[in-house]
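**Q** Handing you a structure now.
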Amino acid sequence: MLDIELIVSNPKGVEKALAKRGFEVDFKGFIELREKRNALLRSIEEIRALRNKLSKSIGEYKREKKDTAGLFQEIEKIKNAADKDEKSLNKIEEEINEFLLKIPNIPDEDLLAGDKENNVVVSVNKDQPVFDFEIKDHVELATSLGLVDYERAAKISGRGTWMYTNLGARLEWALINFFIDEHLKDGYEFMMVPHLLNYESGQTAGQFPKFKEDVFWLEGESPKKFLLPTAETALINVHRNEILELKQLPRKYFSYTPCYRREAGSYRSEERGMIRGYQFNKVEMVQFTTPDDSDDAFLELIVKAETLMKKLGLHYQVSKLAAGDVSFAMARTFDIEVWLPSIKIYKEVSSVSNSRSFQARRGMIRYRTEQGKIDYVHTLNGSGLATSRLLPAILEQNQNADGSVNIPEVLVPYMGGIKVLKQVK
């Protein structure tokens, strides 16, 4: 949620910044609504002051044996006027809140305007792998190596999913364990979060109300709950409606969860197999920091995600997203994109984002400054990492002419010493 005072003090500036996203808004009506709200607040305060004054007069009237009937009538009249104003105030505040919930975050100033066509590659790790044989795609490799069963997964669930089998399940679990060990080593706190979340969690994360149809809702629950689309949605809400002490910051968390999303509707050739599905695994990092430490925390998350990719020995690139490609709740995002040789396309395996105070304002996540002032924290998140596109990249980038695949060296200890995946006979 945006800072209301920023909107009121510089509406044109905020409108211009949001236009970089391709988001058009006119704050004139909002500011008028805000002025009505402030006028009602003043009126309510004046009425309350008058009511208190008259209430104090009751004792004087009784001591002087004056008739208090008229006084009580006047107090009741004032009370009715206050009740009417308070109802109007509540209605206006609901309208203000509904309006603000639909406004995306302001992109950082250094972001280019426009959509993904204006994303900028800022770094590349390793050269693209070159093969002197006809390569296979990850679906063929996973099937021939007995790592994934697509047909049986479709039988028991439907399209848009897959089932890891035998060494495929072990390789997936090896990736997750490797990520967990790396985050623990770096001082992040491991959290096992609920997978069923309430509406407030989605709203705080910035996914609701705009993207409420992109998640799986459970029918028959009251209040309604949804399956988490990413662990970030849960982790961001850990300190909702709390005031943290300065010494408690930064808070650094990570969590492993399956992720559930309703976006598995595209079956283009580049999204077959494990590239896109409605259930996938991910390890997610989240930080709560002071505004002053926010930029350093962002860089730390990028370095952490990149370090994992480098240790896996994969070719990838890092892209700085243009304003229009940054998600609704974020002020800036860098994507780490892995190379898939079979389709000659980079696919995102980690998004590192800074929401500044946007999510904190929605969730009332605050901290006490050194001067004792209460201010909003900054929240950041980064995938560390998503596995559904990593495993295909490992298979494709590490394949051999005989159809076998070399396991990244860092994963060998997690695979019981197995170094090569060989075709099932």
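A note on labels: chains of the structure tokens are A, B, ... as shown, every chain counts residues from 1, and ligands are counted from 1 in their shown order.
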Quick one: residues within 6 Å of Trp339 in chain A, only C-alpha atoms counted, chain neighbours fewer than 2 positions away excluded, as an mmCIF file with C-alpha atoms, in the first residue's frame?
**A**
```
data_model
loop_
_atom_site.group_PDB
_atom_site.id
_atom_site.type_symbol
_atom_site.label_atom_id
_atom_site.label_comp_id
_atom_site.auth_asym_id
_atom_site.auth_seq_id
_atom_site.Cartn_x
_atom_site.Cartn_y
_atom_site.Cartn_z
ATOM 1 C CA TYR A 316 22.541 -18.299 -16.429
ATOM 2 C CA ILE A 345 15.482 -19.785 -24.020
ATOM 3 C CA TYR A 346 16.294 -18.413 -20.567
#
```
**Q** What are the DSSP helix (DSSP H, G or I) residues of range 233-308 of chain A, as number ranges by chain?
**A** A: 233-235, 246-248, 269-271, 291-308
**Q** For the selection just defined, write its residues with N, CA and C atoms to a file, as a PDB file, in the first residue's frame.
**A**
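Below is the file part.pdb, written as the result:
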```pdb
ATOM      1  N   THR A 233       4.294 -15.609   0.694  1.00  0.00           N
ATOM      2  CA  THR A 233       2.982 -15.164   1.163  1.00  0.00           C
ATOM      3  C   THR A 233       2.812 -15.426   2.648  1.00  0.00           C
ATOM      4  N   ALA A 234       3.332 -16.558   3.120  1.00  0.00           N
ATOM      5  CA  ALA A 234       3.251 -16.867   4.554  1.00  0.00           C
ATOM      6  C   ALA A 234       4.311 -16.110   5.341  1.00  0.00           C
ATOM      7  N   LEU A 235       5.552 -16.130   4.862  1.00  0.00           N
ATOM      8  CA  LEU A 235       6.661 -15.529   5.608  1.00  0.00           C
ATOM      9  C   LEU A 235       6.486 -14.031   5.806  1.00  0.00           C
ATOM     10  N   LEU A 246      14.370  -2.352  17.237  1.00  0.00           N
ATOM     11  CA  LEU A 246      15.475  -2.153  16.301  1.00  0.00           C
ATOM     12  C   LEU A 246      16.504  -3.281  16.387  1.00  0.00           C
ATOM     13  N   LYS A 247      16.759  -3.758  17.603  1.00  0.00           N
ATOM     14  CA  LYS A 247      17.768  -4.812  17.798  1.00  0.00           C
ATOM     15  C   LYS A 247      17.321  -6.151  17.193  1.00  0.00           C
ATOM     16  N   GLN A 248      16.033  -6.276  16.879  1.00  0.00           N
ATOM     17  CA  GLN A 248      15.529  -7.511  16.280  1.00  0.00           C
ATOM     18  C   GLN A 248      15.743  -7.554  14.767  1.00  0.00           C
ATOM     19  N   SER A 269       5.204 -25.134 -26.554  1.00  0.00           N
ATOM     20  CA  SER A 269       6.314 -26.076 -26.606  1.00  0.00           C
ATOM     21  C   SER A 269       7.398 -25.726 -25.595  1.00  0.00           C
ATOM     22  N   GLU A 270       7.571 -24.433 -25.317  1.00  0.00           N
ATOM     23  CA  GLU A 270       8.622 -24.024 -24.394  1.00  0.00           C
ATOM     24  C   GLU A 270       8.225 -24.228 -22.939  1.00  0.00           C
ATOM     25  N   GLU A 271       6.974 -24.644 -22.685  1.00  0.00           N
ATOM     26  CA  GLU A 271       6.518 -24.796 -21.311  1.00  0.00           C
ATOM     27  C   GLU A 271       6.034 -26.211 -21.025  1.00  0.00           C
ATOM     28  N   PRO A 291      14.633   0.771   6.610  1.00  0.00           N
ATOM     29  CA  PRO A 291      14.789   1.412   5.297  1.00  0.00           C
ATOM     30  C   PRO A 291      16.252   1.651   4.928  1.00  0.00           C
ATOM     31  N   ASP A 292      17.083   2.002   5.903  1.00  0.00           N
ATOM     32  CA  ASP A 292      18.492   2.285   5.620  1.00  0.00           C
ATOM     33  C   ASP A 292      19.260   1.040   5.157  1.00  0.00           C
ATOM     34  N   ASP A 293      18.833  -0.136   5.605  1.00  0.00           N
ATOM     35  CA  ASP A 293      19.534  -1.376   5.261  1.00  0.00           C
ATOM     36  C   ASP A 293      18.916  -2.098   4.064  1.00  0.00           C
ATOM     37  N   SER A 294      17.866  -1.519   3.523  1.00  0.00           N
ATOM     38  CA  SER A 294      17.078  -2.175   2.488  1.00  0.00           C
ATOM     39  C   SER A 294      17.881  -2.513   1.237  1.00  0.00           C
ATOM     40  N   ASP A 295      18.651  -1.561   0.722  1.00  0.00           N
ATOM     41  CA  ASP A 295      19.401  -1.792  -0.515  1.00  0.00           C
ATOM     42  C   ASP A 295      20.490  -2.842  -0.324  1.00  0.00           C
ATOM     43  N   ASP A 296      21.148  -2.829   0.822  1.00  0.00           N
ATOM     44  CA  ASP A 296      22.170  -3.833   1.105  1.00  0.00           C
ATOM     45  C   ASP A 296      21.552  -5.228   1.197  1.00  0.00           C
ATOM     46  N   ALA A 297      20.366  -5.307   1.781  1.00  0.00           N
ATOM     47  CA  ALA A 297      19.674  -6.591   1.890  1.00  0.00           C
ATOM     48  C   ALA A 297      19.317  -7.128   0.507  1.00  0.00           C
ATOM     49  N   PHE A 298      18.925  -6.237  -0.392  1.00  0.00           N
ATOM     50  CA  PHE A 298      18.593  -6.634  -1.761  1.00  0.00           C
ATOM     51  C   PHE A 298      19.818  -7.244  -2.451  1.00  0.00           C
ATOM     52  N   LEU A 299      20.946  -6.587  -2.321  1.00  0.00           N
ATOM     53  CA  LEU A 299      22.176  -7.098  -2.926  1.00  0.00           C
ATOM     54  C   LEU A 299      22.573  -8.441  -2.317  1.00  0.00           C
ATOM     55  N   GLU A 300      22.378  -8.569  -1.014  1.00  0.00           N
ATOM     56  CA  GLU A 300      22.704  -9.833  -0.344  1.00  0.00           C
ATOM     57  C   GLU A 300      21.885 -10.983  -0.908  1.00  0.00           C
ATOM     58  N   LEU A 301      20.595 -10.745  -1.127  1.00  0.00           N
ATOM     59  CA  LEU A 301      19.722 -11.792  -1.653  1.00  0.00           C
ATOM     60  C   LEU A 301      20.121 -12.184  -3.073  1.00  0.00           C
ATOM     61  N   ILE A 302      20.508 -11.196  -3.880  1.00  0.00           N
ATOM     62  CA  ILE A 302      20.961 -11.502  -5.246  1.00  0.00           C
ATOM     63  C   ILE A 302      22.218 -12.366  -5.200  1.00  0.00           C
ATOM     64  N   VAL A 303      23.178 -11.970  -4.364  1.00  0.00           N
ATOM     65  CA  VAL A 303      24.432 -12.727  -4.247  1.00  0.00           C
ATOM     66  C   VAL A 303      24.155 -14.151  -3.779  1.00  0.00           C
ATOM     67  N   LYS A 304      23.237 -14.305  -2.824  1.00  0.00           N
ATOM     68  CA  LYS A 304      22.913 -15.638  -2.309  1.00  0.00           C
ATOM     69  C   LYS A 304      22.330 -16.527  -3.400  1.00  0.00           C
ATOM     70  N   ALA A 305      21.366 -15.990  -4.156  1.00  0.00           N
ATOM     71  CA  ALA A 305      20.748 -16.773  -5.225  1.00  0.00           C
ATOM     72  C   ALA A 305      21.778 -17.117  -6.303  1.00  0.00           C
ATOM     73  N   GLU A 306      22.614 -16.148  -6.658  1.00  0.00           N
ATOM     74  CA  GLU A 306      23.646 -16.391  -7.667  1.00  0.00           C
ATOM     75  C   GLU A 306      24.670 -17.413  -7.191  1.00  0.00           C
ATOM     76  N   THR A 307      25.024 -17.364  -5.932  1.00  0.00           N
ATOM     77  CA  THR A 307      26.008 -18.308  -5.390  1.00  0.00           C
ATOM     78  C   THR A 307      25.522 -19.742  -5.537  1.00  0.00           C
ATOM     79  N   LEU A 308      24.230 -19.956  -5.296  1.00  0.00           N
ATOM     80  CA  LEU A 308      23.666 -21.290  -5.468  1.00  0.00           C
ATOM     81  C   LEU A 308      23.790 -21.749  -6.917  1.00  0.00           C
TER      82      LEU A 308
END
```
**Q** Residues within 12 Å of Glu5 in chain A, please, as a CSV table (one decimal) with N, CA and C atoms, in the first residue's frame. Count only C-alpha atoms; anything in the same chain fewer than 3 positions from it doesn't count.
**A**
```
chain,number,residue,atom,x,y,z
A,1,MET,N,0.8,-1.2,0.0
A,1,MET,CA,0.0,0.0,0.0
A,1,MET,C,0.9,1.2,0.0
A,2,LEU,N,0.5,2.2,-0.8
A,2,LEU,CA,1.3,3.4,-0.9
A,2,LEU,C,1.1,4.4,0.3
A,8,VAL,N,-0.9,12.6,-1.4
A,8,VAL,CA,-1.6,13.9,-1.2
A,8,VAL,C,-0.6,15.0,-1.5
A,9,SER,N,0.7,14.9,-1.1
A,9,SER,CA,1.7,15.9,-1.3
A,9,SER,C,2.2,16.0,-2.7
A,10,ASN,N,2.2,14.9,-3.4
A,10,ASN,CA,2.8,14.9,-4.8
A,10,ASN,C,2.0,14.0,-5.7
A,11,PRO,N,0.7,14.2,-5.9
A,11,PRO,CA,-0.1,13.3,-6.7
A,11,PRO,C,0.4,13.1,-8.1
A,14,VAL,N,3.5,10.8,-8.2
A,14,VAL,CA,3.1,9.4,-8.1
A,14,VAL,C,2.5,8.9,-9.3
A,30,PHE,N,-9.5,10.8,-5.3
A,30,PHE,CA,-9.0,10.2,-4.0
A,30,PHE,C,-8.7,11.3,-3.0
A,31,ILE,N,-8.1,12.4,-3.5
A,31,ILE,CA,-7.7,13.5,-2.6
A,31,ILE,C,-9.0,14.2,-2.1
A,34,ARG,N,-10.3,12.1,0.6
A,34,ARG,CA,-9.4,12.3,1.8
A,34,ARG,C,-9.8,13.6,2.5
```
**Q** Pick out the closest residue to Ala329 in chain A from this set: A:Leu411, A:Ala205, A:Leu41, A:Val139. Count only C-alpha atoms.
**A**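 With only C-alpha atoms as the atom set, the closest residue is A:Ala205.
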**Q** Using only C-alpha atoms, find each residue in range 198-311 of chain A having at least one atom no more than 6 Å away from range 177-190 of chain A; report its shortest atom-to-atom pair and that distance in Å (one decimal), rows by chain then rising number, as a Markdown table.
**A**
```
| residue | atom | partner | partner_atom | distance |
| --- | --- | --- | --- | --- |
| A:Lys252 | CA | A:Tyr188 | CA | 5.1 |
| A:Tyr253 | CA | A:Glu189 | CA | 4.7 |
| A:Phe254 | CA | A:Phe190 | CA | 5.2 |
| A:Ser255 | CA | A:Phe190 | CA | 5.8 |
```
**Q** Skipping near chain neighbours, those fewer than 6 positions away, what residues fall within 10 Å of Arg261 in chain A using only C-alpha atoms, listed as a ChimeraX atom specification?
**A** /A:213-216,227-230,276-280
**Q** Find the residues near Tyr367 in chain A: any atom within 9 Å, counting only C-alpha atoms, skip ones fewer than 4 places away on the same chain, and give them as a PyMOL selection string.
**A** chain A and resi 242-246+248-249+290+373-377
**Q** Among range 20-240 of chain A, which ones does DSSP place in strand (DSSP E), written as an mmCIF file with N, CA and C atoms, in the first residue's frame?
**A**
```cif
data_model
loop_
_atom_site.group_PDB
_atom_site.id
_atom_site.type_symbol
_atom_site.label_atom_id
_atom_site.label_comp_id
_atom_site.auth_asym_id
_atom_site.auth_seq_id
_atom_site.Cartn_x
_atom_site.Cartn_y
_atom_site.Cartn_z
ATOM 1 N N VAL A 120 16.844 -5.500 -18.754
ATOM 2 C CA VAL A 120 18.260 -5.365 -19.100
ATOM 3 C C VAL A 120 19.069 -6.486 -18.452
ATOM 4 N N VAL A 121 19.843 -7.201 -19.269
ATOM 5 C CA VAL A 121 20.745 -8.229 -18.732
ATOM 6 C C VAL A 121 21.942 -7.530 -18.104
ATOM 7 N N VAL A 122 22.160 -7.760 -16.814
ATOM 8 C CA VAL A 122 23.236 -7.062 -16.095
ATOM 9 C C VAL A 122 24.467 -7.936 -15.870
ATOM 10 N N SER A 123 24.313 -9.261 -15.948
ATOM 11 C CA SER A 123 25.471 -10.137 -15.806
ATOM 12 C C SER A 123 25.152 -11.520 -16.362
ATOM 13 N N VAL A 124 26.221 -12.255 -16.721
ATOM 14 C CA VAL A 124 26.077 -13.602 -17.271
ATOM 15 C C VAL A 124 27.113 -14.496 -16.599
ATOM 16 N N ASN A 125 26.715 -15.712 -16.251
ATOM 17 C CA ASN A 125 27.650 -16.673 -15.649
ATOM 18 C C ASN A 125 27.925 -17.806 -16.623
ATOM 19 N N VAL A 148 11.218 -38.992 -14.037
ATOM 20 C CA VAL A 148 9.895 -38.364 -13.939
ATOM 21 C C VAL A 148 8.897 -39.223 -14.700
ATOM 22 N N ASP A 149 7.705 -39.390 -14.115
ATOM 23 C CA ASP A 149 6.622 -40.120 -14.780
ATOM 24 C C ASP A 149 5.502 -39.121 -15.071
ATOM 25 N N MET A 163 5.399 -36.351 -11.744
ATOM 26 C CA MET A 163 5.713 -37.142 -10.557
ATOM 27 C C MET A 163 7.178 -37.564 -10.627
ATOM 28 N N TYR A 164 7.964 -37.125 -9.654
ATOM 29 C CA TYR A 164 9.361 -37.546 -9.577
ATOM 30 C C TYR A 164 9.414 -38.992 -9.121
ATOM 31 N N GLU A 189 16.971 -18.152 9.308
ATOM 32 C CA GLU A 189 16.171 -19.005 10.202
ATOM 33 C C GLU A 189 15.193 -19.833 9.382
ATOM 34 N N PHE A 190 15.224 -21.145 9.580
ATOM 35 C CA PHE A 190 14.374 -22.077 8.833
ATOM 36 C C PHE A 190 12.964 -22.053 9.424
ATOM 37 N N LEU A 196 -2.134 -23.541 4.226
ATOM 38 C CA LEU A 196 -3.473 -22.969 4.087
ATOM 39 C C LEU A 196 -3.475 -21.596 4.747
ATOM 40 N N LEU A 197 -3.743 -20.567 3.963
ATOM 41 C CA LEU A 197 -3.622 -19.197 4.449
ATOM 42 C C LEU A 197 -4.956 -18.473 4.375
ATOM 43 N N ASN A 198 -5.100 -17.434 5.221
ATOM 44 C CA ASN A 198 -6.335 -16.641 5.208
ATOM 45 C C ASN A 198 -6.209 -15.441 4.267
ATOM 46 N N TRP A 217 -8.655 -21.881 -3.940
ATOM 47 C CA TRP A 217 -9.432 -21.632 -2.726
ATOM 48 C C TRP A 217 -10.078 -22.920 -2.240
ATOM 49 N N LEU A 218 -10.150 -23.089 -0.930
ATOM 50 C CA LEU A 218 -10.814 -24.244 -0.335
ATOM 51 C C LEU A 218 -12.271 -23.898 -0.069
ATOM 52 N N LYS A 225 -10.041 -20.115 3.016
ATOM 53 C CA LYS A 225 -8.583 -20.234 2.993
ATOM 54 C C LYS A 225 -8.134 -20.639 1.593
ATOM 55 N N PHE A 226 -6.860 -20.332 1.309
ATOM 56 C CA PHE A 226 -6.311 -20.686 -0.002
ATOM 57 C C PHE A 226 -4.969 -21.378 0.180
ATOM 58 N N LEU A 227 -4.572 -22.145 -0.841
ATOM 59 C CA LEU A 227 -3.273 -22.819 -0.835
ATOM 60 C C LEU A 227 -2.192 -21.822 -1.217
#
```
**Q** Give me the residues within 7 Å of Pro107 in chain A as number ranges by chain, counting only C-alpha atoms and dropping any in the same chain fewer than 2 places off.
**A** A: 17, 105, 109, 111, 323, 331-332
**Q** Between CA of Ile7 in chain A and CA of Phe27 in chain A, what distance in Å does the model show, to one decimal?
**A**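 Straight-line distance from CA of Ile7 in chain A to CA of Phe27 in chain A works out to 7.6 Å.
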**Q** Could you give me, as a list in words, the residues within 8 Å of Asp325 in chain A, counting only C-alpha atoms and dropping anything in the same chain fewer than 4 positions from it?
**A**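 Residues meeting the cut-off are Arg21, Gly114, Asp115, Lys116, Asn119 and Leu321 of chain A.
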**Q** Just give me the gap between CA of Phe328 in chain A and CA of Lys91 in chain A in Å, one decimal is fine.
**A**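 Between these atoms lies a distance of 26.0 Å.
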**Q** May I ask which of the residues A:Ile176, A:Leu171, A:Met192, A:Ala360 is the closest one to Gly206 in chain A, counting only C-alpha atoms?
**A**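 Among the listed residues, the smallest separation from Gly206 in chain A belongs to A:Ala360.
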**Q** Quote the spacing between CA of Ile44 in chain A and CA of Gly363 in chain A in Å to one decimal place.
**A** 27.4 Å
**Q** Report as a tab-separated table: every residue of range 109-176 of chain A with an atom at most 9 Å from range 389-398 of chain A, its closest pair of atoms, and their distance in Å to one decimal, counting only C-alpha atoms, with rows sorted by chain and ascending residue number.
**A**
```
residue	atom	partner	partner_atom	distance
A:Gln128	CA	A:Gln397	CA	8.7
A:Pro129	CA	A:Gln397	CA	6.4
A:Val130	CA	A:Gln397	CA	8.9
A:Ile135	CA	A:Glu396	CA	7.7
A:Lys136	CA	A:Glu396	CA	7.1
A:Asp137	CA	A:Glu396	CA	6.2
A:His138	CA	A:Pro392	CA	5.0
A:Val139	CA	A:Pro392	CA	7.8
A:Leu141	CA	A:Leu395	CA	6.9
A:Ala142	CA	A:Leu395	CA	7.6
A:Gly168	CA	A:Leu391	CA	8.9
A:Leu171	CA	A:Leu391	CA	8.0
A:Glu172	CA	A:Leu391	CA	7.2
A:Leu175	CA	A:Leu391	CA	8.5
```
**Q** Could you write out the selected residues, including C-alpha atoms, as a PDB file, in the first residue's frame?
**A**
```
ATOM      1  CA  GLN A 128      26.373 -21.281 -23.145  1.00  0.00           C
ATOM      2  CA  PRO A 129      27.163 -25.016 -23.254  1.00  0.00           C
ATOM      3  CA  VAL A 130      28.163 -26.338 -26.678  1.00  0.00           C
ATOM      4  CA  ILE A 135      20.857 -32.952 -27.712  1.00  0.00           C
ATOM      5  CA  LYS A 136      17.667 -34.141 -26.018  1.00  0.00           C
ATOM      6  CA  ASP A 137      15.192 -31.966 -24.163  1.00  0.00           C
ATOM      7  CA  HIS A 138      14.536 -32.457 -20.456  1.00  0.00           C
ATOM      8  CA  VAL A 139      11.297 -34.392 -21.026  1.00  0.00           C
ATOM      9  CA  LEU A 141      15.996 -37.154 -20.695  1.00  0.00           C
ATOM     10  CA  ALA A 142      13.813 -37.379 -17.578  1.00  0.00           C
ATOM     11  CA  GLY A 168      14.486 -38.122  -9.965  1.00  0.00           C
ATOM     12  CA  LEU A 171      17.724 -35.398  -7.217  1.00  0.00           C
ATOM     13  CA  GLU A 172      14.838 -33.046  -6.451  1.00  0.00           C
ATOM     14  CA  LEU A 175      18.509 -29.739  -4.525  1.00  0.00           C
TER      15      LEU A 175
END
```
**Q** So which one's closest to Ile418 in chain A, A:Val193, A:Arg356, A:Arg170, A:His315? Using only C-alpha atoms, please.
**A** A:Arg170
